[in-house]
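So this one's work_39.csv, CSV, N, CA and C atoms:
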chain,number,residue,atom,x,y,z
A,273,MET,N,-24.4,22.0,-13.3
A,273,MET,CA,-23.2,21.3,-13.7
A,273,MET,C,-23.4,19.8,-13.7
A,274,CYS,N,-22.9,19.2,-14.7
A,274,CYS,CA,-23.1,17.7,-14.8
A,274,CYS,C,-21.8,17.0,-14.3
A,275,ILE,N,-21.9,15.7,-14.1
A,275,ILE,CA,-20.8,15.0,-13.6
A,275,ILE,C,-19.6,15.1,-14.5
A,276,ARG,N,-19.8,15.1,-15.8
A,276,ARG,CA,-18.7,15.2,-16.7
A,276,ARG,C,-17.9,16.5,-16.5
A,277,ASP,N,-18.6,17.6,-16.2
A,277,ASP,CA,-17.9,18.9,-16.0
A,277,ASP,C,-17.1,18.8,-14.7
A,278,SER,N,-17.7,18.3,-13.7
A,278,SER,CA,-17.0,18.3,-12.4
A,278,SER,C,-15.8,17.3,-12.4
A,279,HIS,N,-15.8,16.4,-13.3
A,279,HIS,CA,-14.6,15.5,-13.4
A,279,HIS,C,-13.6,15.9,-14.4
A,280,GLY,N,-13.9,17.0,-15.1
A,280,GLY,CA,-12.9,17.7,-15.9
A,280,GLY,C,-12.7,17.1,-17.3
A,281,GLY,N,-13.6,17.3,-18.2
A,281,GLY,CA,-13.5,17.0,-19.6
A,281,GLY,C,-14.4,15.8,-20.0
A,282,GLU,N,-14.5,15.7,-21.3
A,282,GLU,CA,-15.4,14.7,-21.9
A,282,GLU,C,-15.0,13.3,-21.5
A,283,HIS,N,-13.8,13.0,-21.2
A,283,HIS,CA,-13.3,11.7,-20.8
A,283,HIS,C,-12.9,11.5,-19.4
A,284,ASN,N,-13.3,12.4,-18.5
A,284,ASN,CA,-13.0,12.4,-17.1
A,284,ASN,C,-11.5,12.6,-16.9
A,285,GLU,N,-10.7,13.2,-17.8
A,285,GLU,CA,-9.3,13.3,-17.6
A,285,GLU,C,-8.9,14.2,-16.5
A,286,GLY,N,-9.8,15.2,-16.2
A,286,GLY,CA,-9.4,16.2,-15.1
A,286,GLY,C,-9.3,15.5,-13.8
A,287,ILE,N,-10.2,14.6,-13.4
A,287,ILE,CA,-10.2,14.0,-12.1
A,287,ILE,C,-9.0,13.2,-11.9
A,288,ASN,N,-8.5,12.5,-13.0
A,288,ASN,CA,-7.3,11.7,-12.9
A,288,ASN,C,-6.1,12.6,-12.7
A,289,TYR,N,-6.0,13.7,-13.4
A,289,TYR,CA,-4.9,14.6,-13.2
A,289,TYR,C,-4.9,15.2,-11.9
A,290,ASN,N,-6.1,15.6,-11.4
A,290,ASN,CA,-6.2,16.3,-10.1
A,290,ASN,C,-5.8,15.3,-8.9
A,291,LEU,N,-6.2,14.0,-9.1
A,291,LEU,CA,-5.8,13.0,-8.1
A,291,LEU,C,-4.3,12.9,-8.1
A,292,PHE,N,-3.7,12.9,-9.2
A,292,PHE,CA,-2.3,12.8,-9.3
A,292,PHE,C,-1.6,14.0,-8.6
A,293,LYS,N,-2.1,15.2,-8.9
A,293,LYS,CA,-1.5,16.4,-8.3
A,293,LYS,C,-1.6,16.4,-6.8
A,294,LEU,N,-2.8,16.0,-6.3
A,294,LEU,CA,-3.1,15.9,-4.9
A,294,LEU,C,-2.2,14.8,-4.2
A,295,SER,N,-1.9,13.8,-4.9
A,295,SER,CA,-1.1,12.7,-4.4
A,295,SER,C,0.3,13.1,-4.1
A,296,LYS,N,0.8,14.1,-4.8
A,296,LYS,CA,2.1,14.6,-4.5
A,296,LYS,C,2.2,15.4,-3.2
A,297,ILE,N,1.0,15.9,-2.8
A,297,ILE,CA,1.0,16.7,-1.5
A,297,ILE,C,0.5,15.8,-0.4
A,298,LEU,N,-0.5,15.0,-0.6
A,298,LEU,CA,-1.3,14.3,0.5
A,298,LEU,C,-0.9,12.8,0.5
A,299,ARG,N,0.3,12.5,0.4
A,299,ARG,CA,0.7,11.1,0.3
A,299,ARG,C,0.5,10.4,1.7
A,300,PRO,N,-0.4,9.5,1.8
A,300,PRO,CA,-0.7,8.9,3.1
A,300,PRO,C,0.5,7.9,3.4
A,301,HIS,N,0.7,7.7,4.7
A,301,HIS,CA,1.8,6.8,5.1
A,301,HIS,C,1.2,5.4,5.3
A,302,LEU,N,-0.1,5.3,5.4
A,302,LEU,CA,-0.8,4.0,5.6
A,302,LEU,C,-2.1,4.1,4.8
A,303,ALA,N,-2.3,3.1,3.9
A,303,ALA,CA,-3.6,3.0,3.2
A,303,ALA,C,-4.4,1.8,3.7
A,304,LEU,N,-5.6,2.1,4.0
A,304,LEU,CA,-6.6,1.0,4.5
A,304,LEU,C,-7.8,1.1,3.5
A,305,LEU,N,-8.0,0.0,2.8
A,305,LEU,CA,-9.1,0.0,1.8
A,305,LEU,C,-10.1,-1.0,2.3
A,306,ASP,N,-11.3,-0.6,2.4
A,306,ASP,CA,-12.4,-1.4,2.9
A,306,ASP,C,-13.2,-1.9,1.6
A,307,GLY,N,-13.0,-3.2,1.3
A,307,GLY,CA,-13.7,-3.7,0.1
A,307,GLY,C,-14.8,-4.7,0.6
A,308,PHE,N,-15.3,-4.5,1.8
A,308,PHE,CA,-16.4,-5.4,2.3
A,308,PHE,C,-17.5,-5.5,1.3
A,309,GLU,N,-18.0,-4.3,0.8
A,309,GLU,CA,-19.0,-4.2,-0.2
A,309,GLU,C,-18.5,-3.2,-1.3
A,310,GLY,N,-18.3,-3.7,-2.5
A,310,GLY,CA,-17.9,-2.9,-3.6
A,310,GLY,C,-19.1,-2.4,-4.4
A,311,MET,N,-18.8,-1.7,-5.5
A,311,MET,CA,-19.9,-1.3,-6.4
A,311,MET,C,-19.5,-1.4,-7.8
A,312,GLU,N,-20.3,-2.0,-8.6
A,312,GLU,CA,-20.0,-2.1,-10.0
A,312,GLU,C,-21.1,-1.4,-10.8
A,313,GLY,N,-20.8,-1.2,-12.1
A,313,GLY,CA,-21.7,-0.6,-13.0
A,313,GLY,C,-21.7,1.0,-12.9
A,314,ASN,N,-22.8,1.6,-13.0
A,314,ASN,CA,-22.9,3.0,-13.1
A,314,ASN,C,-22.9,3.7,-11.7
A,315,GLY,N,-21.9,3.4,-10.9
A,315,GLY,CA,-21.7,4.1,-9.6
A,315,GLY,C,-21.2,5.5,-9.8
A,316,PRO,N,-21.2,6.3,-8.8
A,316,PRO,CA,-21.6,6.0,-7.4
A,316,PRO,C,-23.1,6.1,-7.2
A,317,VAL,N,-23.8,6.6,-8.1
A,317,VAL,CA,-25.3,6.9,-7.9
A,317,VAL,C,-26.1,5.7,-8.3
A,318,ALA,N,-25.8,5.1,-9.4
A,318,ALA,CA,-26.7,4.0,-9.9
A,318,ALA,C,-26.0,2.7,-10.1
A,319,GLY,N,-25.0,2.4,-9.2
A,319,GLY,CA,-24.3,1.2,-9.3
A,319,GLY,C,-25.0,0.1,-8.5
A,320,ASP,N,-24.4,-1.1,-8.7
A,320,ASP,CA,-25.0,-2.3,-8.0
A,320,ASP,C,-23.9,-2.8,-7.0
A,321,PRO,N,-24.4,-3.2,-5.8
A,321,PRO,CA,-23.4,-3.7,-4.7
A,321,PRO,C,-22.8,-5.0,-5.1
A,322,VAL,N,-21.6,-5.2,-4.7
A,322,VAL,CA,-20.8,-6.4,-4.9
A,322,VAL,C,-20.4,-6.9,-3.5
A,323,ASP,N,-20.8,-8.1,-3.1
A,323,ASP,CA,-20.4,-8.6,-1.8
A,323,ASP,C,-19.0,-9.2,-2.0
A,324,HIS,N,-17.9,-8.4,-1.8
A,324,HIS,CA,-16.6,-8.8,-2.1
A,324,HIS,C,-15.8,-9.3,-0.8
A,325,ARG,N,-16.1,-8.6,0.3
A,325,ARG,CA,-15.5,-9.0,1.6
A,325,ARG,C,-14.0,-9.1,1.6
A,326,ILE,N,-13.3,-8.0,1.1
A,326,ILE,CA,-11.9,-7.9,1.2
A,326,ILE,C,-11.4,-6.7,1.9
A,327,ALA,N,-10.2,-6.7,2.3
A,327,ALA,CA,-9.6,-5.5,2.9
A,327,ALA,C,-8.1,-5.5,2.5
A,328,ILE,N,-7.6,-4.3,2.2
A,328,ILE,CA,-6.2,-4.1,1.8
A,328,ILE,C,-5.6,-3.1,2.7
A,329,ALA,N,-4.4,-3.4,3.3
A,329,ALA,CA,-3.7,-2.4,4.1
A,329,ALA,C,-2.2,-2.4,3.5
A,330,SER,N,-1.7,-1.2,3.4
A,330,SER,CA,-0.3,-1.1,2.9
A,330,SER,C,0.3,0.2,3.3
A,331,THR,N,1.6,0.2,3.5
A,331,THR,CA,2.4,1.5,3.7
A,331,THR,C,2.7,2.1,2.4
A,332,ASP,N,2.3,1.5,1.3
A,332,ASP,CA,2.5,2.1,-0.1
A,332,ASP,C,1.0,2.3,-0.6
A,333,TRP,N,0.6,3.5,-0.6
A,333,TRP,CA,-0.8,3.7,-1.0
A,333,TRP,C,-1.1,3.4,-2.5
A,334,LEU,N,0.0,3.6,-3.3
A,334,LEU,CA,-0.2,3.3,-4.8
A,334,LEU,C,-0.3,1.8,-5.0
A,335,ALA,N,0.5,1.0,-4.3
A,335,ALA,CA,0.4,-0.5,-4.3
A,335,ALA,C,-1.0,-0.9,-3.9
A,336,ALA,N,-1.5,-0.3,-2.8
A,336,ALA,CA,-2.9,-0.6,-2.3
A,336,ALA,C,-4.0,-0.3,-3.4
A,337,ASP,N,-3.9,0.9,-4.0
A,337,ASP,CA,-4.9,1.2,-5.0
A,337,ASP,C,-4.8,0.3,-6.2
A,338,CYS,N,-3.6,0.0,-6.6
A,338,CYS,CA,-3.4,-0.9,-7.8
A,338,CYS,C,-3.9,-2.3,-7.5
A,339,MET,N,-3.7,-2.8,-6.3
A,339,MET,CA,-4.1,-4.1,-5.8
A,339,MET,C,-5.7,-4.1,-5.9
A,340,ALA,N,-6.3,-3.1,-5.4
A,340,ALA,CA,-7.7,-3.0,-5.3
A,340,ALA,C,-8.3,-3.0,-6.8
A,341,ALA,N,-7.7,-2.2,-7.7
A,341,ALA,CA,-8.2,-2.2,-9.1
A,341,ALA,C,-8.0,-3.6,-9.7
A,342,ALA,N,-6.9,-4.2,-9.5
A,342,ALA,CA,-6.7,-5.5,-10.0
A,342,ALA,C,-7.7,-6.6,-9.5
A,343,MET,N,-8.0,-6.5,-8.2
A,343,MET,CA,-8.9,-7.4,-7.6
A,343,MET,C,-10.3,-7.2,-8.0
A,344,MET,N,-10.6,-6.0,-8.6
A,344,MET,CA,-11.9,-5.7,-9.2
A,344,MET,C,-11.9,-6.1,-10.7
A,345,GLY,N,-10.7,-6.6,-11.2
A,345,GLY,CA,-10.7,-7.0,-12.6
A,345,GLY,C,-10.4,-5.9,-13.6
A,346,PHE,N,-9.8,-4.8,-13.1
A,346,PHE,CA,-9.5,-3.7,-14.0
A,346,PHE,C,-8.1,-3.6,-14.3
A,347,GLU,N,-7.7,-3.2,-15.5
A,347,GLU,CA,-6.4,-3.1,-16.0
A,347,GLU,C,-5.8,-1.8,-15.4
A,348,ILE,N,-4.8,-1.9,-14.6
A,348,ILE,CA,-4.2,-0.8,-13.9
A,348,ILE,C,-3.7,0.3,-14.9
A,349,GLY,N,-3.1,-0.1,-16.0
A,349,GLY,CA,-2.5,0.8,-17.0
A,349,GLY,C,-3.5,1.7,-17.7
A,350,LYS,N,-4.8,1.4,-17.5
A,350,LYS,CA,-5.9,2.2,-18.2
A,350,LYS,C,-6.4,3.2,-17.2
A,351,ILE,N,-6.0,3.2,-15.9
A,351,ILE,CA,-6.5,4.1,-14.9
A,351,ILE,C,-5.6,5.3,-14.8
A,352,GLY,N,-6.0,6.4,-15.2
A,352,GLY,CA,-5.2,7.6,-15.3
A,352,GLY,C,-4.3,7.9,-14.1
A,353,TYR,N,-4.9,8.2,-13.0
A,353,TYR,CA,-4.2,8.6,-11.8
A,353,TYR,C,-3.2,7.5,-11.4
A,354,LEU,N,-3.5,6.3,-11.5
A,354,LEU,CA,-2.5,5.2,-11.2
A,354,LEU,C,-1.3,5.3,-12.1
A,355,THR,N,-1.6,5.5,-13.4
A,355,THR,CA,-0.5,5.5,-14.4
A,355,THR,C,0.4,6.8,-14.1
A,356,PHE,N,-0.2,7.9,-13.9
A,356,PHE,CA,0.5,9.1,-13.7
A,356,PHE,C,1.4,9.0,-12.4
A,357,CYS,N,0.8,8.4,-11.3
A,357,CYS,CA,1.6,8.3,-10.1
A,357,CYS,C,2.7,7.3,-10.2
A,358,ALA,N,2.4,6.2,-11.0
A,358,ALA,CA,3.5,5.2,-11.2
A,358,ALA,C,4.6,5.8,-12.0
A,359,ARG,N,4.3,6.5,-13.0
A,359,ARG,CA,5.4,7.1,-13.8
A,359,ARG,C,6.2,8.1,-13.0
A,360,ALA,N,5.6,8.8,-12.0
A,360,ALA,CA,6.3,9.8,-11.2
A,360,ALA,C,7.0,9.1,-10.1
A,361,GLY,N,7.0,7.8,-10.0
A,361,GLY,CA,7.7,7.1,-8.9
A,361,GLY,C,7.2,7.2,-7.5
A,362,MET,N,5.8,7.4,-7.4
A,362,MET,CA,5.2,7.7,-6.2
A,362,MET,C,4.8,6.4,-5.4
A,363,GLY,N,5.2,5.3,-5.9
A,363,GLY,CA,4.9,4.0,-5.2
A,363,GLY,C,5.1,2.9,-6.2
A,364,GLN,N,4.7,1.7,-5.8
A,364,GLN,CA,4.9,0.5,-6.6
A,364,GLN,C,3.6,0.1,-7.3
A,365,ALA,N,3.6,0.1,-8.6
A,365,ALA,CA,2.4,-0.3,-9.4
A,365,ALA,C,2.6,-1.7,-10.0
A,366,ASP,N,3.8,-2.2,-10.0
A,366,ASP,CA,4.0,-3.6,-10.5
A,366,ASP,C,3.7,-4.6,-9.3
A,367,LEU,N,2.5,-5.2,-9.5
A,367,LEU,CA,2.0,-6.1,-8.4
A,367,LEU,C,2.9,-7.3,-8.2
A,368,ASN,N,3.7,-7.6,-9.2
A,368,ASN,CA,4.6,-8.7,-9.1
A,368,ASN,C,5.8,-8.4,-8.1
A,369,LYS,N,5.9,-7.1,-7.8
A,369,LYS,CA,7.0,-6.7,-6.8
A,369,LYS,C,6.4,-6.4,-5.5
A,370,VAL,N,5.1,-6.7,-5.2
A,370,VAL,CA,4.5,-6.4,-3.9
A,370,VAL,C,4.4,-7.6,-3.1
A,371,GLU,N,4.9,-7.5,-1.9
A,371,GLU,CA,4.8,-8.7,-1.0
A,371,GLU,C,3.4,-8.7,-0.4
A,372,VAL,N,2.8,-9.8,-0.5
A,372,VAL,CA,1.4,-10.0,-0.1
A,372,VAL,C,1.4,-10.9,1.1
A,373,LEU,N,0.9,-10.4,2.2
A,373,LEU,CA,0.7,-11.3,3.4
A,373,LEU,C,-0.7,-11.7,3.5
A,374,GLY,N,-1.0,-12.9,3.9
A,374,GLY,CA,-2.4,-13.3,4.0
A,374,GLY,C,-2.8,-14.2,2.8
A,375,GLU,N,-4.0,-14.2,2.5
A,375,GLU,CA,-4.5,-15.1,1.5
A,375,GLU,C,-4.0,-14.7,0.1
A,376,LYS,N,-4.1,-15.7,-0.8
A,376,LYS,CA,-3.7,-15.5,-2.2
A,376,LYS,C,-4.6,-14.5,-2.9
A,377,ILE,N,-4.1,-13.5,-3.5
A,377,ILE,CA,-4.8,-12.5,-4.2
A,377,ILE,C,-5.7,-13.2,-5.3
A,378,ALA,N,-5.1,-14.1,-6.0
A,378,ALA,CA,-5.8,-14.8,-7.1
A,378,ALA,C,-7.2,-15.4,-6.7
A,379,ASP,N,-7.2,-15.8,-5.4
A,379,ASP,CA,-8.5,-16.4,-4.9
A,379,ASP,C,-9.6,-15.4,-4.7
A,380,HIS,N,-9.3,-14.1,-4.8
A,380,HIS,CA,-10.3,-13.1,-4.5
A,380,HIS,C,-10.5,-12.1,-5.6
A,381,ILE,N,-10.0,-12.3,-6.8
A,381,ILE,CA,-10.2,-11.4,-7.9
A,381,ILE,C,-11.6,-11.7,-8.4
A,382,ARG,N,-12.3,-10.6,-8.6
A,382,ARG,CA,-13.7,-10.6,-9.2
A,382,ARG,C,-13.7,-9.7,-10.5
A,383,SER,N,-14.6,-10.0,-11.3
A,383,SER,CA,-14.7,-9.1,-12.5
A,383,SER,C,-15.9,-8.2,-12.3
A,384,TYR,N,-15.6,-7.0,-11.9
A,384,TYR,CA,-16.6,-6.0,-11.7
A,384,TYR,C,-17.1,-5.5,-13.0
A,385,ARG,N,-18.4,-5.2,-13.2
A,385,ARG,CA,-18.9,-4.6,-14.4
A,385,ARG,C,-18.6,-3.2,-14.4
A,386,PRO,N,-17.9,-2.6,-15.4
A,386,PRO,CA,-17.5,-1.2,-15.4
A,386,PRO,C,-18.7,-0.3,-15.7
A,387,HIS,N,-18.5,1.0,-15.5
A,387,HIS,CA,-19.5,2.0,-15.9
A,387,HIS,C,-19.8,1.9,-17.4
A,388,ASP,N,-21.0,2.2,-17.8
A,388,ASP,CA,-21.4,2.1,-19.2
A,388,ASP,C,-20.5,3.0,-20.1
A,389,THR,N,-19.8,4.0,-19.5
A,389,THR,CA,-19.0,4.9,-20.3
A,389,THR,C,-17.5,4.6,-20.2
A,390,VAL,N,-17.2,3.5,-19.7
A,390,VAL,CA,-15.8,3.2,-19.5
A,390,VAL,C,-14.9,3.3,-20.7
A,391,GLU,N,-15.3,2.9,-21.9
A,391,GLU,CA,-14.5,3.0,-23.1
A,391,GLU,C,-14.3,4.4,-23.5
A,392,ARG,N,-15.3,5.3,-23.3
A,392,ARG,CA,-15.1,6.7,-23.6
A,392,ARG,C,-14.1,7.3,-22.6
A,393,GLN,N,-14.2,6.9,-21.3
A,393,GLN,CA,-13.2,7.4,-20.3
A,393,GLN,C,-11.8,6.9,-20.6
A,394,TYR,N,-11.6,5.7,-21.2
A,394,TYR,CA,-10.3,5.2,-21.5
A,394,TYR,C,-9.7,5.9,-22.7
A,395,GLN,N,-10.5,6.5,-23.6
A,395,GLN,CA,-10.0,7.0,-24.8
A,395,GLN,C,-8.8,8.0,-24.7
A,396,TRP,N,-8.7,8.8,-23.7
A,396,TRP,CA,-7.7,9.8,-23.6
A,396,TRP,C,-6.4,9.2,-23.1
A,397,MET,N,-6.4,8.0,-22.6
A,397,MET,CA,-5.1,7.3,-22.1
A,397,MET,C,-4.4,6.7,-23.3
A,398,LYS,N,-3.6,7.4,-24.0
A,398,LYS,CA,-2.9,7.0,-25.2
A,398,LYS,C,-1.7,6.0,-24.9
A,399,THR,N,-1.1,6.2,-23.8
A,399,THR,CA,0.1,5.4,-23.5
A,399,THR,C,0.0,4.8,-22.1
A,400,PRO,N,-0.7,3.7,-22.0
A,400,PRO,CA,-0.9,3.1,-20.6
A,400,PRO,C,0.5,2.5,-20.2
A,401,LEU,N,0.5,2.2,-18.9
A,401,LEU,CA,1.7,1.6,-18.3
A,401,LEU,C,2.2,0.4,-19.1

Kindly return the structure encoded in the file as structure tokens.
Amino acid sequence: MCIRDSHGGEHNEGINYNLFKLSKILRPHLALLDGFEGMEGNGPVAGDPVDHRIAIASTDWLAADCMAAAMMGFEIGKIGYLTFCARAGMGQADLNKVEVLGEKIADHIRSYRPHDTVERQYQWMKTPL
């Protein structure tokens, strides 16, 4: 089995849908994201480390995941499970409505290099947020 098969489809649409479905059942009450060292490029096997040194904590797991994606320079509306969960009202995806305590987010945004197949993965998202 190749990675594409385990992620459900040519564009990895299955993993995004499965994360959405699991989120309905396993909604954490506290999200703690360790961004001390991130990964860019062709992760998780062939990616390159990024010395980012950030941490995110939130009682809204969707806001935390959206914040992490934005801090990595990714467009939230192109990430399937974030879009599905936001449309289902499972948390806050509009970062302008998130109260941030601590340092300014803008001071810590990096532009992570995406996976080589990112454009192919984005093709199935026809109506982003």

Quiz item: Mind pulling up the distance from atom CA of A:Tyr384 to atom CA of A:Met311?
Solution: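 So the two atoms, atom CA of A:Met311 and atom CA of A:Tyr384, lie 7.8 Å apart.
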
Practice problem: Identify all residues of stretch 282-395 of chain A in strand (DSSP E) (DSSP on the backbone) and supply them as a list in words. | Solution: Ala303, Leu304, Leu305, Asp306, Gly307, Phe308, Glu309, Gly310, Met311, Glu312, Gly313, Asn314, Ala318, Gly319, Asp320, Pro321, Val322, Asp323, His324, Arg325, Ile326, Ala327, Ile328, Ala329 and Ser330 of chain A

Go ahead and save the picked residues with N, CA and C atoms, as an mmCIF file, in the frame of the given file.
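Generated file (again-v1.cif):
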data_model
loop_
_atom_site.group_PDB
_atom_site.id
_atom_site.type_symbol
_atom_site.label_atom_id
_atom_site.label_comp_id
_atom_site.auth_asym_id
_atom_site.auth_seq_id
_atom_site.Cartn_x
_atom_site.Cartn_y
_atom_site.Cartn_z
ATOM 1 N N ALA A 303 -2.300 3.100 3.900
ATOM 2 C CA ALA A 303 -3.600 3.000 3.200
ATOM 3 C C ALA A 303 -4.400 1.800 3.700
ATOM 4 N N LEU A 304 -5.600 2.100 4.000
ATOM 5 C CA LEU A 304 -6.600 1.000 4.500
ATOM 6 C C LEU A 304 -7.800 1.100 3.500
ATOM 7 N N LEU A 305 -8.000 0.000 2.800
ATOM 8 C CA LEU A 305 -9.100 0.000 1.800
ATOM 9 C C LEU A 305 -10.100 -1.000 2.300
ATOM 10 N N ASP A 306 -11.300 -0.600 2.400
ATOM 11 C CA ASP A 306 -12.400 -1.400 2.900
ATOM 12 C C ASP A 306 -13.200 -1.900 1.600
ATOM 13 N N GLY A 307 -13.000 -3.200 1.300
ATOM 14 C CA GLY A 307 -13.700 -3.700 0.100
ATOM 15 C C GLY A 307 -14.800 -4.700 0.600
ATOM 16 N N PHE A 308 -15.300 -4.500 1.800
ATOM 17 C CA PHE A 308 -16.400 -5.400 2.300
ATOM 18 C C PHE A 308 -17.500 -5.500 1.300
ATOM 19 N N GLU A 309 -18.000 -4.300 0.800
ATOM 20 C CA GLU A 309 -19.000 -4.200 -0.200
ATOM 21 C C GLU A 309 -18.500 -3.200 -1.300
ATOM 22 N N GLY A 310 -18.300 -3.700 -2.500
ATOM 23 C CA GLY A 310 -17.900 -2.900 -3.600
ATOM 24 C C GLY A 310 -19.100 -2.400 -4.400
ATOM 25 N N MET A 311 -18.800 -1.700 -5.500
ATOM 26 C CA MET A 311 -19.900 -1.300 -6.400
ATOM 27 C C MET A 311 -19.500 -1.400 -7.800
ATOM 28 N N GLU A 312 -20.300 -2.000 -8.600
ATOM 29 C CA GLU A 312 -20.000 -2.100 -10.000
ATOM 30 C C GLU A 312 -21.100 -1.400 -10.800
ATOM 31 N N GLY A 313 -20.800 -1.200 -12.100
ATOM 32 C CA GLY A 313 -21.700 -0.600 -13.000
ATOM 33 C C GLY A 313 -21.700 1.000 -12.900
ATOM 34 N N ASN A 314 -22.800 1.600 -13.000
ATOM 35 C CA ASN A 314 -22.900 3.000 -13.100
ATOM 36 C C ASN A 314 -22.900 3.700 -11.700
ATOM 37 N N ALA A 318 -25.800 5.100 -9.400
ATOM 38 C CA ALA A 318 -26.700 4.000 -9.900
ATOM 39 C C ALA A 318 -26.000 2.700 -10.100
ATOM 40 N N GLY A 319 -25.000 2.400 -9.200
ATOM 41 C CA GLY A 319 -24.300 1.200 -9.300
ATOM 42 C C GLY A 319 -25.000 0.100 -8.500
ATOM 43 N N ASP A 320 -24.400 -1.100 -8.700
ATOM 44 C CA ASP A 320 -25.000 -2.300 -8.000
ATOM 45 C C ASP A 320 -23.900 -2.800 -7.000
ATOM 46 N N PRO A 321 -24.400 -3.200 -5.800
ATOM 47 C CA PRO A 321 -23.400 -3.700 -4.700
ATOM 48 C C PRO A 321 -22.800 -5.000 -5.100
ATOM 49 N N VAL A 322 -21.600 -5.200 -4.700
ATOM 50 C CA VAL A 322 -20.800 -6.400 -4.900
ATOM 51 C C VAL A 322 -20.400 -6.900 -3.500
ATOM 52 N N ASP A 323 -20.800 -8.100 -3.100
ATOM 53 C CA ASP A 323 -20.400 -8.600 -1.800
ATOM 54 C C ASP A 323 -19.000 -9.200 -2.000
ATOM 55 N N HIS A 324 -17.900 -8.400 -1.800
ATOM 56 C CA HIS A 324 -16.600 -8.800 -2.100
ATOM 57 C C HIS A 324 -15.800 -9.300 -0.800
ATOM 58 N N ARG A 325 -16.100 -8.600 0.300
ATOM 59 C CA ARG A 325 -15.500 -9.000 1.600
ATOM 60 C C ARG A 325 -14.000 -9.100 1.600
ATOM 61 N N ILE A 326 -13.300 -8.000 1.100
ATOM 62 C CA ILE A 326 -11.900 -7.900 1.200
ATOM 63 C C ILE A 326 -11.400 -6.700 1.900
ATOM 64 N N ALA A 327 -10.200 -6.700 2.300
ATOM 65 C CA ALA A 327 -9.600 -5.500 2.900
ATOM 66 C C ALA A 327 -8.100 -5.500 2.500
ATOM 67 N N ILE A 328 -7.600 -4.300 2.200
ATOM 68 C CA ILE A 328 -6.200 -4.100 1.800
ATOM 69 C C ILE A 328 -5.600 -3.100 2.700
ATOM 70 N N ALA A 329 -4.400 -3.400 3.300
ATOM 71 C CA ALA A 329 -3.700 -2.400 4.100
ATOM 72 C C ALA A 329 -2.200 -2.400 3.500
ATOM 73 N N SER A 330 -1.700 -1.200 3.400
ATOM 74 C CA SER A 330 -0.300 -1.100 2.900
ATOM 75 C C SER A 330 0.300 0.200 3.300
#

Quiz item: Which is closest to A:Gly352 among A:Ile328, A:Leu291, A:Ala340, A:Val370, if we use only N, CA and C atoms?
Solution: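 Nearest candidate to A:Gly352 out of A:Ile328, A:Leu291, A:Ala340, A:Val370: A:Leu291.
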
So that I can see what lies close to A:Ser330, please list as a CSV table (one decimal) with N, CA and C atoms, in the frame of the given file the residues with an atom at most 7 Å from it, counting all atoms listed in the file and leaving out residues fewer than 4 positions away in the same chain.
chain,number,residue,atom,x,y,z
A,301,HIS,N,0.7,7.7,4.7
A,301,HIS,CA,1.8,6.8,5.1
A,301,HIS,C,1.2,5.4,5.3
A,302,LEU,N,-0.1,5.3,5.4
A,302,LEU,CA,-0.8,4.0,5.6
A,302,LEU,C,-2.1,4.1,4.8
A,303,ALA,N,-2.3,3.1,3.9
A,303,ALA,CA,-3.6,3.0,3.2
A,303,ALA,C,-4.4,1.8,3.7
A,304,LEU,N,-5.6,2.1,4.0
A,304,LEU,CA,-6.6,1.0,4.5
A,304,LEU,C,-7.8,1.1,3.5
A,305,LEU,N,-8.0,0.0,2.8
A,305,LEU,CA,-9.1,0.0,1.8
A,305,LEU,C,-10.1,-1.0,2.3
A,335,ALA,N,0.5,1.0,-4.3
A,335,ALA,CA,0.4,-0.5,-4.3
A,335,ALA,C,-1.0,-0.9,-3.9
A,336,ALA,N,-1.5,-0.3,-2.8
A,336,ALA,CA,-2.9,-0.6,-2.3
A,336,ALA,C,-4.0,-0.3,-3.4

Quiz prompt | Those in stretch 308-390 of chain A with alpha helix (DSSP H) from DSSP, as a list in words | solution =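 Put together, the selection reads Trp333, Leu334, Ala335, Ala336, Asp337, Cys338, Met339, Ala340, Ala341, Ala342, Met343, Gly352, Tyr353, Leu354, Thr355, Phe356, Cys357, Ala358, Arg359 and Val390 of chain A.
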
Practice problem: Identify which of the residues A:Leu354, A:Leu367, A:Met362, A:Gly345 lies closest to A:Lys296, counting all atoms listed in the file when measuring atom-to-atom distances. | Solution: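 Of A:Leu354, A:Leu367, A:Met362, A:Gly345, the one nearest A:Lys296 is A:Met362, counting all atoms listed in the file.
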